[in-house]
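Trainee: If you scroll down you'll find the structure; I have some questions about it.
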Amino acid sequence: MTTTRPVAPPASEARARVQAVRQGYARRGGRATVRGRAYPAYLVALFTVFYLVPVVHARSTSPAPLSVSSVNLSAGAAPLVCGLAVAVCWGGQLVGRFWGPLVVQPFLLHVLMSTDLSPAHYLGTIARRRLAYAGTVTLLAVCSAAYLATDLFDRPGTALPGLAVTAGTSAVAAVAWLWGQVRAVRDNLLLAGAVGASALVVAAVGGTAPDGRYGHWLAALVPALLAAAVGPPAFRALPSIDLARLARESARASQARAYAWTGTLHHALDLYRPEPRGFTSALIRTDGSLRGYLAQGAVRALRTPGRAAAAAVLLPVGGASLTHGVAGSGGGPEWWWWAAGSVGVYLGSGWVGETWRGLRDELTMAPLFGERWGGLPARALAWPVVAVTAGTFLGGALVALFRWPLPAGRAGNTVLLVAGSVVLVLGARFLREMKLHLPLELLLPVITPFGDLSGLRVVAWQFDGFVVVLTGVALMNAVPSATGAAVLALCLAAGCVGAGLRRTGWAHRGLFSRLRRG
């Protein structure tokens with residue numbers, strides 16, 4: 001008995017059918033009205049008149065903040081652009097693994113998957129259009145940033161090479177975004193390794209060329225060749241894409257979009273946390289009892305190896321930057337290094353384990369987990385506190401080895417400020433992880449002479465951890481005494497812990513009586 005495979009429709013017929021489905025889905029809510037089209041045009045006009053035009057006029061009548069006139073672009077362009085292309089390629093791949101260009105509305109994807117069309121017919125058009133949008137937006141954003149921040153486009157000798165490099169980098173970002181979604185993990189690792197090795201070779205050749213005469217064409221040619229080499233294989237992989245995985249990604253993206261539009265961005269980010277896997281039996285001893293608090297936290301961290309690896313990198317690097325900024329130079333602490341290191345430690349403190357989310361669930365769902373206090377904070381916070389402190393001071397110790405001995409009195413102040421910063425970061429992380437739904441009172445208008453500023457409160461609530469860290473570091477930097485700065489950090493962390501507990505509702509259920517009962 002022979003079976004006949006369905007004959008694929010012609011390309012023109014397939015294109016027309018896909019277009020009909022897309023138009024029908026786009027018009028499901030009725031045709032767009034004139035008022036609906038005029039409002040976005042009104043917002044664009046306001047942004048252009050009141051923000052874009054003044055900024056461009058101020059830039060055209062004043063010198064650029066960063067000058068590249070003294071840099072030999074011919075000699076240094078190849079290594080710099082190679083490094084930029086590698087960073088853009090790796091970033092595009094990483095973003096594509098979570099939210100790629102083929103993510104569409106779940107219902108529309110279900111309709112298209114139910115037809116006899118090949119995935120290349122209905123995903124190819126989406127991929128080409130979104131890659132064109134992504135490349136154009138990246139090109140405009142990078143050119144705008146270069147024009148506003150540097151004098152790259154002020155000289156004819158650097159304007160054309162700069163534009164060519166920007167166009168090539170934008171193309172690399174677009175095709176790497178598609179490659180990260182449609183190719184397997186092994187292919188992504190191979191591409192990342194090949195791009196890194198090629199960049200090292202090209203950077204070495206371009207940097208050692210006499211008078212840098214190969215710098216210009218290498219800087220413009222390398223990103224274009226990389227985009228041309230990666231793009232066709234990515235599009236050829238469309239027919240064999242895993243549609244079930246794409247459906248799961250689309251459903252998760254739709255849910256995350258709904259969370260983001262309703263003001264709960266942290267819930268949207270939680271959807272993209274990797275699910276813990278493996279090492280389940282390692283949480284229990286041979287006699288059936290649970291392991292100690294630190295051992296439980298370490299095992300739970302190993303169950304999400306990607307997040308644990310990111311934390312293992314961020315914590316020492318953040319600690320090194322924090323220590324370098326706190327130790328400062330002859331003029332005192334350097335605020336920017338201090339703030340950057342604190343933000344790095346803050347990010348690493350959230351990725352070091354999954355116990356933060358477990359603590360929030362136990363505090364907010366008392367009827368399910370039981371209204372007990374006892375050793376709950378110790379069990380949940382023992383591992384994050386120890387891991388963050390150890391990782392931060394490890395990076396700080398490496399910096400101290402290269403800068404030792406510090407001036408008289410500077411070593412003790414440095415330890416105090418680093419410890420205070422770690423306490424502040426842990427308090428800010430606790431505040432962030434205890435966050436629930438957006439409070440409705442934040443949506444009330446705040447009328448000022450500058451307009452309605454209620455949006456600022458919503459933004460501050462969404463990114464309250466970063467706000468606390470940056471504000472706390474600025475206040476600590478303003479305090480002349482290291483002891484006073486450490487005490488200030490301790491007070492801010494205590495305030496964050498109190499605010500986090502109020503978010504979970506424990507302050508309204510008799511927290512102190514539970515503490516007395518133990």
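As shown in the structure tokens, the chain order sets the letters A, B, ...; within each chain, residues go from 1, and ligands are also counted from 1 in the order they appear.
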As a ChimeraX atom specification, please: every residue in segment 404-459 of chain A that a backbone DSSP assignment puts in alpha helix (DSSP H).
Mentor: /A:410-433,454-459
Trainee: Could you check how far atom CA of Gly412 of chain A sits from atom CA of Ala390 of chain A, in Å to one decimal?
Mentor: 18.0 Å
Trainee: Report the closest atom pair, with its distance in Å rounded to one decimal, for each residue of segment 239-347 of chain A that has an atom no farther than 7 Å from segment 460-470 of chain A; count only C-alpha atoms, sort by chain and then rising residue number, and write it as a tab-separated table.
Mentor:
```
residue	atom	partner	partner_atom	distance
A:Leu265	CA	A:Gln462	CA	6.7
A:Ala339	CA	A:Leu470	CA	6.2
A:Ser342	CA	A:Val469	CA	6.9
A:Val343	CA	A:Val469	CA	7.0
```
Trainee: Name the residues in contact with Leu492 of chain A at a cut-off of 10 Å, using only C-alpha atoms, excluding same-chain residues fewer than 3 positions from it; report them as a ChimeraX atom specification.
Mentor: /A:420,423-425,427-428,468-469,472,486-489,495-498
Trainee: Could the residues in this selection be saved with N, CA and C atoms as a compact mmCIF listing (two decimals), in the first residue's frame?
Mentor:
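Output (part27.txt):
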```txt
# COMPACT_ATOMS: atom_id res chain seq x y z
N GLY A 420 28.47 47.74 53.97
CA GLY A 420 27.23 48.50 53.93
C GLY A 420 26.53 48.40 52.58
N VAL A 423 24.79 45.02 52.36
CA VAL A 423 23.55 45.02 53.14
C VAL A 423 22.46 45.79 52.40
N LEU A 424 22.81 46.93 51.82
CA LEU A 424 21.84 47.71 51.05
C LEU A 424 21.30 46.91 49.87
N VAL A 425 22.17 46.23 49.16
CA VAL A 425 21.75 45.44 48.00
C VAL A 425 20.82 44.31 48.42
N GLY A 427 18.86 44.24 51.02
CA GLY A 427 17.57 44.84 51.37
C GLY A 427 16.77 45.21 50.13
N ALA A 428 17.44 45.78 49.12
CA ALA A 428 16.75 46.13 47.88
C ALA A 428 16.24 44.88 47.16
N VAL A 468 16.41 51.97 44.72
CA VAL A 468 16.95 51.92 46.09
C VAL A 468 18.47 51.81 46.06
N VAL A 469 19.00 50.96 45.19
CA VAL A 469 20.45 50.77 45.14
C VAL A 469 21.16 52.06 44.71
N GLY A 472 20.61 54.81 47.37
CA GLY A 472 21.39 54.52 48.57
C GLY A 472 22.87 54.75 48.38
N ALA A 486 27.80 53.38 56.54
CA ALA A 486 27.39 52.00 56.81
C ALA A 486 26.11 51.96 57.63
N VAL A 487 25.99 52.85 58.63
CA VAL A 487 24.76 52.90 59.43
C VAL A 487 23.57 53.32 58.56
N LEU A 488 23.80 54.27 57.65
CA LEU A 488 22.74 54.68 56.73
C LEU A 488 22.29 53.52 55.85
N ALA A 489 23.25 52.74 55.35
CA ALA A 489 22.90 51.58 54.52
C ALA A 489 22.10 50.57 55.32
N GLY A 495 14.51 49.47 56.32
CA GLY A 495 13.29 50.01 55.74
C GLY A 495 12.80 49.18 54.57
N CYS A 496 13.71 48.67 53.74
CA CYS A 496 13.31 47.82 52.62
C CYS A 496 12.69 46.51 53.10
N VAL A 497 13.27 45.93 54.16
CA VAL A 497 12.71 44.69 54.70
C VAL A 497 11.31 44.93 55.26
N GLY A 498 11.14 46.06 55.99
CA GLY A 498 9.82 46.37 56.51
C GLY A 498 8.80 46.60 55.40
```
Trainee: Taking only C-alpha atoms into account, name the residue in A:Ala311, A:Arg277, A:Gly455, A:Leu243 that is nearest to Ser114 of chain A.
Mentor: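 Once distances to Ser114 of chain A are computed over only C-alpha atoms, the minimum belongs to A:Leu243.
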Trainee: Applying 10 Å and only C-alpha atoms, which residues near Arg97 of chain A remain after dropping the ones on its own chain fewer than 6 positions away? List them as an MDAnalysis selection string.
Mentor: chainID A and resid 177:185 188 249
Trainee: Since we have the selection now, will you write its residues out, keeping N, CA and C atoms, as a short mmCIF file (atom, residue, chain, number, x, y, z; two decimals), in the first residue's frame?
Mentor:
```cif
data_model
loop_
_atom_site.label_atom_id
_atom_site.label_comp_id
_atom_site.auth_asym_id
_atom_site.auth_seq_id
_atom_site.Cartn_x
_atom_site.Cartn_y
_atom_site.Cartn_z
N TRP A 177 19.49 37.41 15.83
CA TRP A 177 18.22 37.27 16.54
C TRP A 177 17.41 36.10 15.99
N LEU A 178 17.35 35.96 14.66
CA LEU A 178 16.64 34.84 14.06
C LEU A 178 17.38 33.53 14.29
N TRP A 179 18.69 33.55 14.17
CA TRP A 179 19.48 32.32 14.35
C TRP A 179 19.29 31.77 15.76
N GLY A 180 19.26 32.65 16.77
CA GLY A 180 19.10 32.18 18.13
C GLY A 180 17.79 31.46 18.37
N GLN A 181 16.75 31.75 17.58
CA GLN A 181 15.46 31.10 17.77
C GLN A 181 15.30 29.84 16.95
N VAL A 182 15.77 29.83 15.73
CA VAL A 182 15.47 28.70 14.84
C VAL A 182 16.51 27.59 14.91
N ARG A 183 17.68 27.86 15.41
CA ARG A 183 18.72 26.83 15.46
C ARG A 183 18.80 26.22 16.85
N ALA A 184 19.36 25.02 16.92
CA ALA A 184 19.49 24.31 18.19
C ALA A 184 20.57 24.95 19.05
N VAL A 185 20.61 24.51 20.29
CA VAL A 185 21.60 25.06 21.23
C VAL A 185 23.02 24.77 20.75
N ASN A 188 23.97 27.19 18.10
CA ASN A 188 24.22 28.51 18.66
C ASN A 188 25.58 28.58 19.33
N GLU A 249 6.47 29.15 23.15
CA GLU A 249 7.08 30.47 23.25
C GLU A 249 6.07 31.58 22.98
#
```
Trainee: Given only C-alpha atoms as the basis, pick out the residue of A:Thr150, A:Ala41, A:Val104, A:Leu80 nearest to Pro63 of chain A.
Mentor: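 The answer is A:Thr150, which sits nearest to Pro63 of chain A.
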Trainee: So the first atom is atom CA of Val56 of chain A and the second is atom CA of Leu148 of chain A; what is the distance between them in Å, to one decimal place?
Mentor: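 Value for the atom CA of Val56 of chain A-atom CA of Leu148 of chain A distance: 7.4 Å.
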Trainee: Could you build a table of the residues in segment 380-488 of chain A lying no more than 8 Å from segment 344-363 of chain A, giving for each the nearest pair of atoms and their separation in Å rounded to one decimal place, using only C-alpha atoms, ordered by chain and ascending residue number, as a Markdown table?
Mentor:
```
| residue | atom | partner | partner_atom | distance |
| --- | --- | --- | --- | --- |
| A:Ala380 | CA | A:Thr355 | CA | 5.3 |
| A:Leu381 | CA | A:Thr355 | CA | 7.1 |
| A:Trp383 | CA | A:Gly353 | CA | 7.9 |
| A:Pro384 | CA | A:Val352 | CA | 6.6 |
| A:Ala387 | CA | A:Val352 | CA | 7.3 |
| A:Val388 | CA | A:Ser349 | CA | 5.9 |
| A:Thr392 | CA | A:Val345 | CA | 7.0 |
| A:Val422 | CA | A:Val345 | CA | 7.8 |
| A:Val425 | CA | A:Tyr346 | CA | 5.5 |
| A:Leu426 | CA | A:Ser349 | CA | 7.3 |
| A:Ala428 | CA | A:Tyr346 | CA | 7.8 |
| A:Arg429 | CA | A:Tyr346 | CA | 6.7 |
| A:Phe430 | CA | A:Trp356 | CA | 7.6 |
| A:Glu433 | CA | A:Trp356 | CA | 6.3 |
| A:Met434 | CA | A:Arg360 | CA | 5.5 |
| A:Val469 | CA | A:Tyr346 | CA | 7.9 |
```
Trainee: Pick out the closest residue to Phe279 of chain A from this set: A:Ser62, A:Thr264, A:Thr414, A:Thr304. Count only C-alpha atoms.
Mentor: A:Thr304
Trainee: Tell me which of A:Leu438, A:Ala478, A:Ala145, A:Leu416 sits closest to Val459 of chain A, counting only C-alpha atoms.
Mentor: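 Residue with the minimum atom-to-atom distance to Val459 of chain A: A:Leu438.
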Trainee: Identify, with DSSP run on backbone atoms, the residues in segment 412-457 of chain A assigned to strand (DSSP E), and express the list as JSON, numbers by chain.
Mentor: {"A": [447, 448, 451, 452]}
Trainee: Produce a file of the selected residues containing C-alpha atoms, as a PDB file, in the first residue's frame.
Mentor:
```pdb
ATOM      1  CA  ILE A 447      -1.148  66.972  39.095  1.00  0.00           C
ATOM      2  CA  THR A 448       1.864  69.310  39.093  1.00  0.00           C
ATOM      3  CA  GLY A 451       1.863  67.778  34.154  1.00  0.00           C
ATOM      4  CA  ASP A 452       0.650  64.437  35.490  1.00  0.00           C
TER       5      ASP A 452
END
```
